[in-house]
$ cat run_28.tsv   # TSV, C-alpha atoms
chain	number	residue	atom	x	y	z
A	1423	CYS	CA	-24.44	47.21	-52.28
A	1424	ILE	CA	-24.56	44.55	-49.64
A	1425	ASP	CA	-23.45	42.06	-52.17
A	1426	ASP	CA	-20.52	44.31	-52.99
A	1427	ILE	CA	-19.67	44.55	-49.37
A	1428	HIS	CA	-19.89	40.78	-49.07
A	1429	GLU	CA	-17.74	40.43	-52.12
A	1430	GLN	CA	-15.19	42.92	-50.82
A	1431	THR	CA	-15.23	41.16	-47.47
A	1432	LYS	CA	-14.58	37.83	-49.18
A	1433	GLN	CA	-11.78	39.37	-51.24
A	1434	LEU	CA	-10.26	40.95	-48.17
A	1435	GLN	CA	-10.62	37.62	-46.37
A	1436	ARG	CA	-8.91	35.79	-49.27
A	1437	LYS	CA	-6.20	38.45	-49.45
A	1438	PHE	CA	-5.72	38.22	-45.67
A	1439	ASP	CA	-5.64	34.40	-45.87
A	1440	GLU	CA	-3.15	34.51	-48.71
A	1441	GLU	CA	-0.90	37.27	-47.42
A	1442	HIS	CA	-1.18	37.49	-43.66
A	1443	VAL	CA	-2.16	34.00	-42.43
A	1444	PRO	CA	1.15	32.43	-43.51
A	1445	ILE	CA	3.02	35.24	-41.73
A	1446	TYR	CA	1.00	34.76	-38.54
A	1447	ALA	CA	1.32	30.96	-38.84
A	1448	ALA	CA	5.08	31.24	-39.30
A	1449	HIS	CA	5.25	33.62	-36.35
A	1450	ASP	CA	3.13	31.19	-34.28
A	1451	VAL	CA	5.38	28.28	-35.21
A	1452	SER	CA	8.46	30.35	-34.52
A	1453	THR	CA	7.06	31.36	-31.13
A	1454	LYS	CA	6.22	27.74	-30.28
A	1455	VAL	CA	9.70	26.57	-31.32
A	1456	TYR	CA	11.27	29.35	-29.25
A	1457	THR	CA	9.02	28.41	-26.30
A	1458	MET	CA	9.98	24.72	-26.64
A	1459	LYS	CA	13.68	25.60	-26.83
A	1460	SER	CA	13.33	27.88	-23.82
A	1461	GLU	CA	11.50	25.18	-21.85
A	1462	ALA	CA	14.16	22.61	-22.80
A	1463	THR	CA	16.91	25.03	-21.79
A	1464	LEU	CA	15.11	25.72	-18.51
A	1465	GLU	CA	14.68	21.98	-17.88
A	1466	ARG	CA	18.40	21.36	-18.55
A	1467	ALA	CA	19.34	24.24	-16.27
A	1468	GLN	CA	17.04	22.97	-13.51
A	1469	THR	CA	18.40	19.43	-13.91
A	1470	LYS	CA	21.96	20.74	-13.79
A	1471	LYS	CA	21.15	22.83	-10.72
A	1472	ARG	CA	19.45	19.84	-9.02
A	1473	ARG	CA	22.46	17.59	-9.78
A	1474	ARG	CA	24.84	20.26	-8.49
A	1475	GLU	CA	22.76	20.61	-5.29
A	1476	GLU	CA	22.69	16.82	-4.87
A	1477	LYS	CA	26.44	16.65	-5.38
A	1478	LEU	CA	27.02	19.49	-2.91
A	1479	SER	CA	24.75	17.77	-0.40
A	1480	TYR	CA	26.63	14.49	-0.92
A	1481	LEU	CA	29.99	16.24	-0.53
A	1482	SER	CA	28.73	18.05	2.57
A	1483	ASP	CA	27.61	14.74	4.09
A	1484	MET	CA	30.92	13.11	3.18
A	1485	THR	CA	32.80	16.03	4.75
A	1486	LYS	CA	30.76	15.71	7.95
A	1487	ARG	CA	31.40	11.96	8.08
A	1488	GLN	CA	35.10	12.45	7.44
A	1489	HIS	CA	35.29	15.12	10.14
A	1490	GLU	CA	33.57	12.72	12.55
A	1491	GLU	CA	35.90	9.87	11.54
A	1492	THR	CA	38.90	12.16	11.93
A	1493	LYS	CA	37.69	13.22	15.37
A	1494	ASN	CA	37.21	9.58	16.37
A	1495	MET	CA	40.64	8.68	15.02
A	1496	ARG	CA	42.23	11.54	16.97
A	1497	GLU	CA	40.48	10.40	20.15
A	1498	GLU	CA	41.58	6.81	19.53
A	1499	ASP	CA	45.13	8.00	18.82
A	1500	GLU	CA	45.15	9.97	22.07
A	1501	ARG	CA	43.84	6.94	24.00
A	1502	LEU	CA	46.52	4.76	22.41
A	1503	ARG	CA	49.23	7.29	23.27
A	1504	GLU	CA	48.03	7.40	26.88
A	1505	ASN	CA	47.98	3.59	27.01
A	1506	ILE	CA	51.47	3.42	25.51
A	1507	LEU	CA	52.77	5.92	28.08
A	1508	ALA	CA	51.14	3.96	30.89
A	1509	LEU	CA	52.60	0.71	29.55
A	1510	ASP	CA	56.03	2.33	29.17
A	1511	GLU	CA	55.90	3.50	32.80
A	1512	LEU	CA	54.79	0.04	33.91
A	1513	GLU	CA	57.55	-1.53	31.84
A	1514	GLU	CA	60.12	0.81	33.40
A	1515	GLU	CA	58.87	-0.12	36.87
A	1516	GLU	CA	58.99	-3.79	35.95
A	1517	ASP	CA	62.47	-3.32	34.49
A	1518	GLU	CA	63.59	-1.72	37.75
A	1519	ASP	CA	62.02	-4.60	39.68
A	1520	LEU	CA	63.68	-7.08	37.32
A	1521	VAL	CA	67.06	-5.40	37.79
A	1522	ALA	CA	66.56	-5.54	41.56
A	1523	LEU	CA	65.57	-9.22	41.33
A	1524	ASN	CA	68.57	-9.95	39.12
A	1525	MET	CA	70.82	-8.26	41.66
A	1526	GLN	CA	69.24	-10.30	44.46
A	1527	ILE	CA	69.62	-13.50	42.45
A	1528	LYS	CA	73.25	-12.65	41.71
A	1529	SER	CA	73.84	-11.92	45.39
A	1530	VAL	CA	72.16	-15.19	46.40
A	1531	LEU	CA	74.20	-17.11	43.81
A	1532	GLU	CA	77.41	-15.48	45.08
A	1533	LYS	CA	76.43	-16.43	48.65
A	1534	LYS	CA	75.64	-19.94	47.48
A	1535	ALA	CA	79.03	-20.18	45.78
A	1536	SER	CA	80.67	-18.78	48.90
A	1537	LEU	CA	78.78	-21.25	51.09
A	1538	ARG	CA	79.75	-24.14	48.82
A	1539	SER	CA	83.35	-23.04	48.99
A	1540	SER	CA	83.07	-22.77	52.77
A	1541	LEU	CA	81.33	-26.16	52.91
A	1542	LYS	CA	84.12	-27.71	50.85
A	1543	GLU	CA	86.72	-26.18	53.15
A	1544	MET	CA	84.80	-27.39	56.20
A	1545	LYS	CA	84.55	-30.88	54.73
A	1546	GLU	CA	88.30	-30.85	54.20
A	1547	VAL	CA	88.82	-29.58	57.75
A	1548	LEU	CA	86.42	-32.28	59.03
A	1549	HIS	CA	88.18	-34.90	56.95
A	1550	ASN	CA	91.58	-33.74	58.26
A	1551	ALA	CA	90.21	-33.64	61.79
A	1552	THR	CA	88.78	-37.14	61.38
A	1553	GLU	CA	92.08	-38.39	60.02
A	1554	ASN	CA	93.96	-36.68	62.85
A	1555	ARG	CA	91.56	-38.14	65.44
A	1556	ASP	CA	91.83	-41.57	63.92
A	1557	ALA	CA	95.61	-41.19	63.86
A	1558	TRP	CA	95.61	-40.14	67.56
A	1559	GLU	CA	93.31	-42.96	68.46
A	1560	ASN	CA	95.59	-45.40	66.68
A	1561	ARG	CA	98.63	-43.93	68.49
A	1562	CYS	CA	96.79	-44.07	71.78
A	1563	VAL	CA	95.75	-47.66	71.17
A	1564	GLU	CA	99.31	-48.58	70.17
A	1565	ALA	CA	100.77	-46.76	73.12
A	1566	SER	CA	98.48	-48.54	75.53
A	1567	LYS	CA	99.51	-51.93	74.23

$ encode --input "run_28.tsv" --output "structure tokens"
Amino acid sequence: CIDDIHEQTKQLQRKFDEEHVPIYAAHDVSTKVYTMKSEATLERAQTKKRRREEKLSYLSDMTKRQHEETKNMREEDERLRENILALDELEEEEDEDLVALNMQIKSVLEKKASLRSSLKEMKEVLHNATENRDAWENRCVEASK
């Protein structure tokens, strides 16, 4: 009886090994393949997420830098505009001073021309007076002889 039980156990074991073990083995392999595919998919998704986060971080940093550069450029532009306005005002003042100097120079040159003309006339008057004096002296000298 025990031998029969052993024999039946062996037969059941053989039948189980022949019929059920390949099913369980195939299921185990299928499960492992599914697990590997799932892990690979998860790894790809995590890598994609990490790359996306890195890219977003990079873009965020670039945006911050560009905002800072834009702010600096606006400040520099404003400083340049203020400097240009100040230089324009200074140039206008200098232009006004230059116009005034030009007018003074013109006035001085006109006075110089007028003085030269007057000097020429005075030289002619002096020359005529000298000639007249010399002529009177000669007449006086001739008359006294």

$ atom_distance --input "run_28.tsv" --atom1 "CA of Ile1506 in chain A" --atom2 "CA of Gln1488 in chain A"
26.0 Å

$ atom_distance --input "run_28.tsv" --atom1 "CA of Glu1546 in chain A" --atom2 "CA of Ser1566 in chain A"
29.5 Å

$ atom_distance --input "run_28.tsv" --atom1 "CA of Val1530 in chain A" --atom2 "CA of Asn1550 in chain A"
29.4 Å

$ axis_aligned_box --input "run_28.tsv" --around "range 1508-1520 of chain A" --padding-each-side "5 Å" --output "lines of an AutoDock Vina configuration file"
center_x = 57.4
center_y = -1.6
center_z = 34.4
size_x = 22.5
size_y = 21.0
size_z = 20.5

$ decode --input "run_28.tsv" --residues "range 1473-1515 of chain A" --atoms "C-alpha atoms" --output "PDB file, in the first residue's frame"
ATOM      1  CA  ARG A1473      16.180  65.176 -19.319  1.00  0.00           C
ATOM      2  CA  ARG A1474      13.006  67.259 -19.481  1.00  0.00           C
ATOM      3  CA  GLU A1475      13.652  68.576 -15.940  1.00  0.00           C
ATOM      4  CA  GLU A1476      17.270  69.353 -16.844  1.00  0.00           C
ATOM      5  CA  LYS A1477      16.154  71.149 -19.993  1.00  0.00           C
ATOM      6  CA  LEU A1478      13.514  73.106 -18.069  1.00  0.00           C
ATOM      7  CA  SER A1479      16.105  74.025 -15.453  1.00  0.00           C
ATOM      8  CA  TYR A1480      18.517  75.119 -18.198  1.00  0.00           C
ATOM      9  CA  LEU A1481      15.798  77.160 -19.907  1.00  0.00           C
ATOM     10  CA  SER A1482      14.793  78.689 -16.579  1.00  0.00           C
ATOM     11  CA  ASP A1483      18.417  79.682 -15.895  1.00  0.00           C
ATOM     12  CA  MET A1484      18.767  81.084 -19.412  1.00  0.00           C
ATOM     13  CA  THR A1485      15.546  83.063 -18.962  1.00  0.00           C
ATOM     14  CA  LYS A1486      16.807  84.487 -15.665  1.00  0.00           C
ATOM     15  CA  ARG A1487      20.136  85.444 -17.261  1.00  0.00           C
ATOM     16  CA  GLN A1488      18.391  87.020 -20.233  1.00  0.00           C
ATOM     17  CA  HIS A1489      16.064  88.959 -17.931  1.00  0.00           C
ATOM     18  CA  GLU A1490      19.108  90.205 -16.001  1.00  0.00           C
ATOM     19  CA  GLU A1491      20.926  91.104 -19.236  1.00  0.00           C
ATOM     20  CA  THR A1492      17.813  92.875 -20.512  1.00  0.00           C
ATOM     21  CA  LYS A1493      17.526  94.800 -17.252  1.00  0.00           C
ATOM     22  CA  ASN A1494      21.198  95.787 -17.455  1.00  0.00           C
ATOM     23  CA  MET A1495      20.794  96.807 -21.089  1.00  0.00           C
ATOM     24  CA  ARG A1496      17.750  98.939 -20.219  1.00  0.00           C
ATOM     25  CA  GLU A1497      19.691 100.622 -17.412  1.00  0.00           C
ATOM     26  CA  GLU A1498      22.643 101.213 -19.734  1.00  0.00           C
ATOM     27  CA  ASP A1499      20.294 102.555 -22.417  1.00  0.00           C
ATOM     28  CA  GLU A1500      18.725 104.932 -19.891  1.00  0.00           C
ATOM     29  CA  ARG A1501      22.179 106.110 -18.745  1.00  0.00           C
ATOM     30  CA  LEU A1502      23.198 106.661 -22.368  1.00  0.00           C
ATOM     31  CA  ARG A1503      20.007 108.608 -23.073  1.00  0.00           C
ATOM     32  CA  GLU A1504      20.625 110.798 -20.028  1.00  0.00           C
ATOM     33  CA  ASN A1505      24.229 111.358 -21.122  1.00  0.00           C
ATOM     34  CA  ILE A1506      23.101 112.203 -24.654  1.00  0.00           C
ATOM     35  CA  LEU A1507      20.559 114.705 -23.321  1.00  0.00           C
ATOM     36  CA  ALA A1508      23.184 116.271 -21.072  1.00  0.00           C
ATOM     37  CA  LEU A1509      25.644 116.451 -23.975  1.00  0.00           C
ATOM     38  CA  ASP A1510      22.948 117.931 -26.240  1.00  0.00           C
ATOM     39  CA  GLU A1511      22.220 120.624 -23.637  1.00  0.00           C
ATOM     40  CA  LEU A1512      25.940 121.315 -23.255  1.00  0.00           C
ATOM     41  CA  GLU A1513      26.316 121.451 -27.032  1.00  0.00           C
ATOM     42  CA  GLU A1514      23.411 123.906 -27.283  1.00  0.00           C
ATOM     43  CA  GLU A1515      25.010 126.086 -24.602  1.00  0.00           C
TER      44      GLU A1515
END
